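**Q** Below is one structure. I have some questions about it.
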Amino acid sequence: MNKTITVLPGDGIGLEVVNAATAVLDKTGELYGHQFEYQFADIGGTSIDKNGTPLPQATIDTCLKSDGVLLGAVGGPKWDNLPGSERPEKGLLGIRKALNLFANLRPVTGHKSLTDSSTLRKEVVDNVDLMIVRELTGGLYFGEPQERREVDGEEAAVDTLQYKKSEIERIVRQAFELAKVRRKKLTSVDKANVLESSRLWRETAEEISEDYPEVELDHVLVDNAAMQLIRDPKQFDVIVTENMFGDILSDEASMLTGSLGMLPSASIGSEVPGLYEPVHGSAPDIAGEGKANPLAAIASSAMMLKYSFGMHEEAAAIDRAVSTVLTDGHRTGDIAKEGETILSTDDMLEKVLEALK
Ligand code: NAD
Ligand code: IPM
Ligand code: MN
């Protein structure tokens, strides 16, 4: 097959990990007889510096014309003092919205050989296998108004948490579909004891559940969910939740695998190219030093093969290669224990390429 992939390296370690992901895609293409053609486009701080905006229209157009989009990360201290609407992060939010990528799938998969890298006890995290389905184009991130205003004669700020019923329906349905082909357990996470949007969310989830009698649905309040994720993560199969809750819970859940540098994601909508992005950010503290763990980005490219291109065997081959390098004891700094040899981003990539053969 021939596929066109838009690559959005973005900022910081985004560039470093995206290079690793495309190298793995190329090798996979070679092995399975596919041709991947890349179009690079600007996003984030790099784009602000070059084009004066974090998301040029040309980037949106390029993405729309491609079969899949691979993103590194955006943001960094250089752009932290810009107004909200001009920040690098606005570029990422903008592309998610422009492509209508309402579902962000964040699988949390424990690798046996990495249980020691987690800060949690081995028996709590070994074989952890859950999927966070994060709503991605609504909620607190996009509600209007979002502004500064005067309240009672003093400076104030407002953000709005709004969900239309149809927005809840489509994300919950997506989560049920995933749960149906996994362990058939869906946990909807909300704050229905306080928030009206959560009460609508819960009601809607109950309604949709009638179409999925084979899937068990339960509701957990987000504060409790944060605690349960650490207490006993293996109780979860699929979690579905509001944009901001999903953002926070997924960084938390990454530590079940040992590192944020391990967590891939797929941002998908309907009838649009999916966008594949590691869960982590631009990591300014290690950017440019060749220290970044490329496995989250590499696993994100495997998700692209699976979800956008239907290349299941090829995706499984990449996942197997990642498992192999971990079992063989290869470690970047974020997952290394004391005394272990630390590989650079490029060395880790080489190990994955070797394991793919
Ligand atoms: P971050 O995810 O960039 O980093 C958090 C910590 O995890 C850092 O110590 C970092 O070194 C480490 N880390 C992250 N990815 C790693 C990897 N692949 N290998 C090894 N270590 C890794 O979060 P932050 O520091 O809060 O944010 C930095 C910038 O990134 C901010 O501008 C933020 O807005 C942005 N950000 C972007 C995205 C995205 O583009 N998807 C996601 C999160 C944060
Ligand atoms: C993520 C990031 C983004 C988010 C930021 C950079 C806008 O944290 O992809 O998880 O909050 O969605
Ligand atoms: Mn995040």
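Order determines the names: the first chain of the structure tokens is A, the second B, and so forth; residues in each chain are numbered 1 upward, and ligands are numbered 1 upward as they are shown.
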As number ranges by chain, which residues of region 161-225 of chain A does DSSP assign to helix (DSSP H, G or I)?
**A** A: 165-180, 196-209, 222-225
**Q** Restrict the selected residues to N, CA and C atoms and save them as a JSON list (two decimals), in the first residue's frame.
**A**
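This is the output file selection15.json:
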```json
[["chain", "number", "residue", "atom", "x", "y", "z"],
["A", 165, "LYS", "N", -25.13, 17.05, 24.27],
["A", 165, "LYS", "CA", -25.44, 15.63, 24.44],
["A", 165, "LYS", "C", -24.82, 14.79, 23.31],
["A", 166, "SER", "N", -24.87, 15.33, 22.08],
["A", 166, "SER", "CA", -24.32, 14.57, 20.95],
["A", 166, "SER", "C", -22.82, 14.34, 21.10],
["A", 167, "GLU", "N", -22.14, 15.28, 21.74],
["A", 167, "GLU", "CA", -20.69, 15.12, 21.95],
["A", 167, "GLU", "C", -20.42, 14.00, 22.96],
["A", 168, "ILE", "N", -21.29, 13.91, 23.94],
["A", 168, "ILE", "CA", -21.12, 12.83, 24.94],
["A", 168, "ILE", "C", -21.47, 11.49, 24.31],
["A", 169, "GLU", "N", -22.55, 11.49, 23.54],
["A", 169, "GLU", "CA", -22.99, 10.23, 22.91],
["A", 169, "GLU", "C", -21.89, 9.60, 22.07],
["A", 170, "ARG", "N", -21.24, 10.42, 21.21],
["A", 170, "ARG", "CA", -20.28, 9.82, 20.28],
["A", 170, "ARG", "C", -19.04, 9.28, 20.98],
["A", 171, "ILE", "N", -18.59, 9.98, 22.03],
["A", 171, "ILE", "CA", -17.38, 9.49, 22.71],
["A", 171, "ILE", "C", -17.70, 8.25, 23.55],
["A", 172, "VAL", "N", -18.87, 8.26, 24.18],
["A", 172, "VAL", "CA", -19.25, 7.09, 25.00],
["A", 172, "VAL", "C", -19.46, 5.87, 24.10],
["A", 173, "ARG", "N", -20.06, 6.09, 22.94],
["A", 173, "ARG", "CA", -20.27, 5.00, 21.99],
["A", 173, "ARG", "C", -18.91, 4.41, 21.54],
["A", 174, "GLN", "N", -17.98, 5.30, 21.25],
["A", 174, "GLN", "CA", -16.63, 4.88, 20.86],
["A", 174, "GLN", "C", -16.02, 3.99, 21.95],
["A", 175, "ALA", "N", -16.22, 4.41, 23.21],
["A", 175, "ALA", "CA", -15.65, 3.65, 24.33],
["A", 175, "ALA", "C", -16.33, 2.28, 24.47],
["A", 176, "PHE", "N", -17.64, 2.24, 24.28],
["A", 176, "PHE", "CA", -18.35, 0.96, 24.33],
["A", 176, "PHE", "C", -17.84, 0.02, 23.23],
["A", 177, "GLU", "N", -17.63, 0.58, 22.03],
["A", 177, "GLU", "CA", -17.14, -0.25, 20.92],
["A", 177, "GLU", "C", -15.79, -0.88, 21.29],
["A", 178, "LEU", "N", -14.94, -0.09, 21.94],
["A", 178, "LEU", "CA", -13.62, -0.62, 22.33],
["A", 178, "LEU", "C", -13.77, -1.66, 23.44],
["A", 179, "ALA", "N", -14.63, -1.36, 24.41],
["A", 179, "ALA", "CA", -14.82, -2.30, 25.53],
["A", 179, "ALA", "C", -15.37, -3.64, 25.03],
["A", 180, "LYS", "N", -16.22, -3.57, 24.02],
["A", 180, "LYS", "CA", -16.87, -4.76, 23.45],
["A", 180, "LYS", "C", -15.85, -5.78, 22.95],
["A", 196, "GLU", "N", -22.95, 19.82, 36.63],
["A", 196, "GLU", "CA", -24.13, 19.53, 35.81],
["A", 196, "GLU", "C", -23.73, 18.80, 34.53],
["A", 197, "SER", "N", -22.59, 19.22, 33.94],
["A", 197, "SER", "CA", -22.13, 18.55, 32.71],
["A", 197, "SER", "C", -21.88, 17.07, 32.98],
["A", 198, "SER", "N", -21.43, 16.75, 34.18],
["A", 198, "SER", "CA", -21.18, 15.34, 34.53],
["A", 198, "SER", "C", -22.51, 14.59, 34.71],
["A", 199, "ARG", "N", -23.52, 15.29, 35.20],
["A", 199, "ARG", "CA", -24.82, 14.61, 35.36],
["A", 199, "ARG", "C", -25.40, 14.27, 34.00],
["A", 200, "LEU", "N", -25.24, 15.18, 33.04],
["A", 200, "LEU", "CA", -25.69, 14.87, 31.67],
["A", 200, "LEU", "C", -24.85, 13.73, 31.09],
["A", 201, "TRP", "N", -23.57, 13.76, 31.37],
["A", 201, "TRP", "CA", -22.63, 12.72, 30.90],
["A", 201, "TRP", "C", -23.09, 11.34, 31.40],
["A", 202, "ARG", "N", -23.38, 11.26, 32.71],
["A", 202, "ARG", "CA", -23.74, 9.99, 33.34],
["A", 202, "ARG", "C", -25.06, 9.46, 32.77],
["A", 203, "GLU", "N", -26.04, 10.37, 32.68],
["A", 203, "GLU", "CA", -27.35, 10.02, 32.13],
["A", 203, "GLU", "C", -27.20, 9.46, 30.71],
["A", 204, "THR", "N", -26.39, 10.15, 29.90],
["A", 204, "THR", "CA", -26.20, 9.77, 28.50],
["A", 204, "THR", "C", -25.49, 8.42, 28.41],
["A", 205, "ALA", "N", -24.50, 8.22, 29.25],
["A", 205, "ALA", "CA", -23.77, 6.94, 29.25],
["A", 205, "ALA", "C", -24.74, 5.80, 29.55],
["A", 206, "GLU", "N", -25.65, 6.03, 30.51],
["A", 206, "GLU", "CA", -26.65, 5.00, 30.84],
["A", 206, "GLU", "C", -27.52, 4.69, 29.63],
["A", 207, "GLU", "N", -27.95, 5.74, 28.92],
["A", 207, "GLU", "CA", -28.80, 5.53, 27.74],
["A", 207, "GLU", "C", -28.08, 4.71, 26.66],
["A", 208, "ILE", "N", -26.83, 5.10, 26.39],
["A", 208, "ILE", "CA", -26.06, 4.40, 25.34],
["A", 208, "ILE", "C", -25.83, 2.94, 25.75],
["A", 209, "SER", "N", -25.70, 2.71, 27.03],
["A", 209, "SER", "CA", -25.39, 1.34, 27.51],
["A", 209, "SER", "C", -26.48, 0.35, 27.11],
["A", 222, "VAL", "N", -14.30, 11.25, 39.69],
["A", 222, "VAL", "CA", -12.91, 11.40, 39.21],
["A", 222, "VAL", "C", -11.87, 11.39, 40.34],
["A", 223, "ASP", "N", -12.22, 11.92, 41.49],
["A", 223, "ASP", "CA", -11.24, 11.92, 42.59],
["A", 223, "ASP", "C", -10.97, 10.48, 43.05],
["A", 224, "ASN", "N", -12.05, 9.72, 43.16],
["A", 224, "ASN", "CA", -11.90, 8.31, 43.52],
["A", 224, "ASN", "C", -11.15, 7.56, 42.42],
["A", 225, "ALA", "N", -11.46, 7.87, 41.16],
["A", 225, "ALA", "CA", -10.79, 7.19, 40.04],
["A", 225, "ALA", "C", -9.28, 7.40, 40.10]]
```
**Q** For ligand 1, collect every residue having any atom at a distance of at most 9 Å from a ligand atom (counting only C-alpha atoms and all ligand atoms); output as a short mmCIF file (atom, residue, chain, number, x, y, z; two decimals) with N, CA and C atoms, in the first residue's frame.
**A**
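Okay, this is what ended up in part_34.cif:
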```
data_model
loop_
_atom_site.label_atom_id
_atom_site.label_comp_id
_atom_site.auth_asym_id
_atom_site.auth_seq_id
_atom_site.Cartn_x
_atom_site.Cartn_y
_atom_site.Cartn_z
N GLY A 10 6.85 19.63 15.65
CA GLY A 10 6.59 20.55 16.76
C GLY A 10 7.87 21.00 17.44
N ASP A 11 7.88 20.90 18.77
CA ASP A 11 8.95 21.52 19.57
C ASP A 11 9.67 20.51 20.47
N GLY A 12 10.82 20.95 20.98
CA GLY A 12 11.55 20.17 22.00
C GLY A 12 11.83 18.76 21.52
N ILE A 13 11.55 17.78 22.39
CA ILE A 13 11.83 16.39 22.01
C ILE A 13 10.88 15.88 20.93
N GLY A 14 9.87 16.68 20.59
CA GLY A 14 8.96 16.30 19.50
C GLY A 14 9.73 15.90 18.25
N VAL A 17 11.70 12.45 18.77
CA VAL A 17 10.94 11.19 18.82
C VAL A 17 10.22 10.91 17.51
N GLY A 44 2.99 24.61 16.50
CA GLY A 44 3.54 24.94 17.82
C GLY A 44 4.49 26.12 17.81
N LEU A 71 2.32 13.36 15.20
CA LEU A 71 2.73 14.58 15.89
C LEU A 71 3.76 14.28 16.98
N GLY A 72 4.74 15.18 17.14
CA GLY A 72 5.71 15.03 18.21
C GLY A 72 5.17 15.62 19.49
N ALA A 73 5.41 16.92 19.70
CA ALA A 73 4.90 17.61 20.89
C ALA A 73 5.05 19.11 20.63
N VAL A 74 4.30 19.89 21.36
CA VAL A 74 4.43 21.35 21.21
C VAL A 74 4.66 22.01 22.57
N GLY A 75 5.22 23.20 22.52
CA GLY A 75 5.36 24.01 23.74
C GLY A 75 6.79 24.09 24.22
N GLY A 76 6.99 25.04 25.11
CA GLY A 76 8.32 25.22 25.69
C GLY A 76 8.42 26.58 26.35
N PRO A 77 9.42 26.76 27.23
CA PRO A 77 9.55 27.98 28.01
C PRO A 77 9.63 29.25 27.16
N LYS A 78 10.19 29.10 25.94
CA LYS A 78 10.36 30.26 25.08
C LYS A 78 9.03 30.95 24.78
N TRP A 79 7.95 30.19 24.76
CA TRP A 79 6.65 30.74 24.36
C TRP A 79 5.65 30.80 25.52
N ASP A 80 6.16 30.58 26.75
CA ASP A 80 5.24 30.48 27.90
C ASP A 80 4.58 31.79 28.29
N ARG A 87 -0.44 30.82 22.02
CA ARG A 87 0.55 29.85 22.52
C ARG A 87 0.70 28.65 21.59
N PRO A 88 1.83 27.94 21.68
CA PRO A 88 2.02 26.72 20.87
C PRO A 88 0.89 25.70 21.08
N GLU A 89 0.44 25.57 22.35
CA GLU A 89 -0.59 24.58 22.67
C GLU A 89 -1.87 24.84 21.89
N LEU A 92 -2.00 22.83 18.76
CA LEU A 92 -2.41 21.44 18.93
C LEU A 92 -3.92 21.34 19.12
N ASP A 247 -6.94 14.04 30.49
CA ASP A 247 -5.57 14.56 30.40
C ASP A 247 -4.81 14.22 31.68
N ASP A 251 -1.70 11.00 32.38
CA ASP A 251 -0.32 11.21 32.87
C ASP A 251 -0.11 10.39 34.15
N SER A 259 6.98 5.01 32.83
CA SER A 259 7.37 6.34 32.36
C SER A 259 6.34 6.94 31.42
N LEU A 260 6.23 8.25 31.49
CA LEU A 260 5.41 8.98 30.53
C LEU A 260 5.94 8.78 29.12
N GLY A 261 7.20 8.49 29.00
CA GLY A 261 7.84 8.24 27.71
C GLY A 261 7.43 6.94 27.06
N MET A 262 6.53 6.19 27.70
CA MET A 262 6.06 4.92 27.16
C MET A 262 4.66 4.99 26.57
N LEU A 263 3.94 6.10 26.81
CA LEU A 263 2.50 6.11 26.50
C LEU A 263 2.16 6.72 25.13
N GLU A 277 -0.11 10.68 18.45
CA GLU A 277 0.75 11.55 19.26
C GLU A 277 1.12 10.86 20.56
N PRO A 278 2.40 10.91 20.92
CA PRO A 278 2.73 10.43 22.26
C PRO A 278 1.98 11.28 23.29
N VAL A 279 1.74 10.71 24.47
CA VAL A 279 0.99 11.45 25.50
C VAL A 279 1.86 12.55 26.12
N HIS A 280 3.18 12.33 26.08
CA HIS A 280 4.08 13.30 26.73
C HIS A 280 4.21 14.61 25.96
N GLY A 281 4.84 15.58 26.60
CA GLY A 281 5.04 16.88 25.99
C GLY A 281 6.44 17.05 25.40
N SER A 282 6.86 18.30 25.28
CA SER A 282 8.11 18.61 24.59
C SER A 282 9.33 18.46 25.51
N ALA A 283 9.09 18.15 26.79
CA ALA A 283 10.16 17.87 27.76
C ALA A 283 11.34 18.83 27.66
N PRO A 284 11.13 20.11 27.93
CA PRO A 284 12.22 21.10 27.79
C PRO A 284 13.45 20.75 28.63
N ASP A 285 13.21 20.02 29.72
CA ASP A 285 14.35 19.69 30.61
C ASP A 285 15.36 18.75 29.97
N ILE A 286 14.96 18.00 28.93
CA ILE A 286 15.92 17.09 28.28
C ILE A 286 16.01 17.34 26.76
N ALA A 287 15.30 18.35 26.26
CA ALA A 287 15.24 18.57 24.81
C ALA A 287 16.63 18.84 24.23
N LYS A 291 18.18 12.43 24.87
CA LYS A 291 17.84 11.58 26.03
C LYS A 291 16.42 11.04 25.97
N ALA A 292 15.60 11.58 25.06
CA ALA A 292 14.18 11.24 25.07
C ALA A 292 13.93 9.77 24.75
N ASN A 293 12.96 9.20 25.43
CA ASN A 293 12.51 7.84 25.13
C ASN A 293 11.61 7.91 23.89
N PRO A 294 12.01 7.24 22.80
CA PRO A 294 11.21 7.33 21.57
C PRO A 294 10.06 6.31 21.52
N LEU A 295 9.93 5.47 22.55
CA LEU A 295 8.99 4.34 22.43
C LEU A 295 7.53 4.78 22.38
N ALA A 296 7.18 5.88 23.06
CA ALA A 296 5.79 6.37 22.99
C ALA A 296 5.44 6.79 21.57
N ALA A 297 6.38 7.49 20.92
CA ALA A 297 6.13 7.94 19.54
C ALA A 297 6.12 6.74 18.59
N THR A 332 16.27 3.71 27.99
CA THR A 332 16.62 5.13 28.01
C THR A 332 16.59 5.58 29.48
N GLY A 333 17.05 6.79 29.75
CA GLY A 333 17.22 7.24 31.13
C GLY A 333 15.97 7.17 31.98
N ASP A 334 14.82 7.47 31.37
CA ASP A 334 13.57 7.54 32.13
C ASP A 334 13.13 6.18 32.68
N ILE A 335 13.57 5.08 32.03
CA ILE A 335 13.14 3.76 32.50
C ILE A 335 14.30 2.92 33.05
N THR A 345 18.36 8.37 22.47
CA THR A 345 17.17 8.19 21.63
C THR A 345 17.52 7.38 20.38
#
```
**Q** Report the distance between CA of Asp26 (chain A) and CA of Leu353 (chain A) in Å, rounded to one decimal place.
**A**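 One can read the CA of Asp26 (chain A) to CA of Leu353 (chain A) distance as 9.8 Å.
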**Q** Which region 75-96 of chain A residues have any atom within 12 Å of an atom of region 137-156 of chain A, and for each, what is the nearest pair of atoms with distance in Å to one decimal, counting only C-alpha atoms, rows sorted by chain and number, as a Markdown table?
**A**
```
| residue | atom | partner | partner_atom | distance |
| --- | --- | --- | --- | --- |
| A:Pro83 | CA | A:Glu147 | CA | 11.0 |
| A:Gly84 | CA | A:Glu147 | CA | 9.5 |
| A:Ser85 | CA | A:Gln146 | CA | 10.2 |
| A:Glu89 | CA | A:Tyr141 | CA | 11.0 |
| A:Lys90 | CA | A:Tyr141 | CA | 10.1 |
| A:Leu92 | CA | A:Thr137 | CA | 11.0 |
| A:Leu93 | CA | A:Thr137 | CA | 7.8 |
| A:Gly94 | CA | A:Thr137 | CA | 9.3 |
| A:Ile95 | CA | A:Thr137 | CA | 10.0 |
| A:Arg96 | CA | A:Thr137 | CA | 6.8 |
```
**Q** For the residues in that selection, give me N, CA and C atoms as a CSV table (one decimal), in the first residue's frame.
**A**
```csv
chain,number,residue,atom,x,y,z
A,83,PRO,N,0.1,35.3,25.1
A,83,PRO,CA,-1.3,35.2,25.5
A,83,PRO,C,-1.9,33.8,25.1
A,84,GLY,N,-2.9,33.4,25.8
A,84,GLY,CA,-3.4,32.0,25.6
A,84,GLY,C,-3.7,31.7,24.1
A,85,SER,N,-4.3,32.7,23.4
A,85,SER,CA,-4.7,32.4,22.0
A,85,SER,C,-3.5,32.3,21.1
A,89,GLU,N,0.4,25.6,22.3
A,89,GLU,CA,-0.6,24.6,22.7
A,89,GLU,C,-1.9,24.8,21.9
A,90,LYS,N,-2.1,26.1,21.6
A,90,LYS,CA,-3.3,26.5,20.8
A,90,LYS,C,-3.3,25.8,19.4
A,92,LEU,N,-2.0,22.8,18.8
A,92,LEU,CA,-2.4,21.4,18.9
A,92,LEU,C,-3.9,21.3,19.1
A,93,LEU,N,-4.5,22.2,20.0
A,93,LEU,CA,-5.9,22.2,20.2
A,93,LEU,C,-6.6,22.5,18.8
A,94,GLY,N,-6.0,23.4,18.1
A,94,GLY,CA,-6.6,23.8,16.8
A,94,GLY,C,-6.6,22.7,15.8
A,95,ILE,N,-5.6,21.9,15.7
A,95,ILE,CA,-5.5,20.8,14.7
A,95,ILE,C,-6.5,19.7,15.1
A,96,ARG,N,-6.6,19.5,16.4
A,96,ARG,CA,-7.6,18.5,16.9
A,96,ARG,C,-9.0,18.9,16.5
```
**Q** Using DSSP on the backbone, list every residue of region 205-313 of chain A that comes out as strand (DSSP E or B), and give them as a PyMOL selection string.
**A** chain A and resi 216-221+238-241+266-268+274-276
**Q** As an exercise, work out the distance from CA of Glu338 (chain A) to CA of Ser113 (chain A) in Å and give it to one decimal place.
**A**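 These atoms are spaced 15.2 Å apart.
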**Q** What is the CA of Met255 (chain A)-CA of Thr115 (chain A) distance in Å, reported with one decimal?
**A**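 Interatomic distance, CA of Met255 (chain A) to CA of Thr115 (chain A): 10.1 Å.
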**Q** Env of Thr241 (chain A): 7 Å cut, atoms = only C-alpha atoms, seq-sep filter 6 positions within chain, self excluded. Answer as a PyMOL selection string.
**A** chain A and resi 133-135+188-190
**Q** Pick from A:Gly33, A:His312, A:Thr327, A:Leu195: nearest to Thr160 (chain A), with only C-alpha atoms counted?
**A**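 The shortest atom-to-atom distance to Thr160 (chain A) comes from A:Leu195.
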**Q** Go through A:Val352, A:Ala266, A:Val69, A:Ile230 and flag the residue nearest Val124 (chain A), using only C-alpha atoms for the distances.
**A**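 Comparing A:Val352, A:Ala266, A:Val69, A:Ile230 against Val124 (chain A), the winner is A:Ile230.
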**Q** Restricting the calculation to only C-alpha atoms and all ligand atoms: of A:Glu252, A:Asp346, A:Glu16, A:Glu340, which residue gets closest to ligand 3?
**A**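 For ligand 3, the nearest of the candidates is A:Glu252.
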**Q** Taking into account only C-alpha atoms and all ligand atoms, which residue in the set A:Asn243, A:Thr257, A:Ser66, A:Thr109 is nearest to ligand 2?
**A**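 Using only C-alpha atoms and all ligand atoms, the shortest distance to ligand 2 belongs to A:Asn243.
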**Q** From the options A:Asn2, A:Thr53, A:Thr22, A:Ser117, which residue's atoms come nearest to Gly258 (chain A), counting only C-alpha atoms?
**A** A:Ser117
**Q** Counting only C-alpha atoms, figure out which residue out of A:Gly329, A:Ile318, A:Ile60, A:Leu217 gets nearest to Ala23 (chain A).
**A** A:Ile318
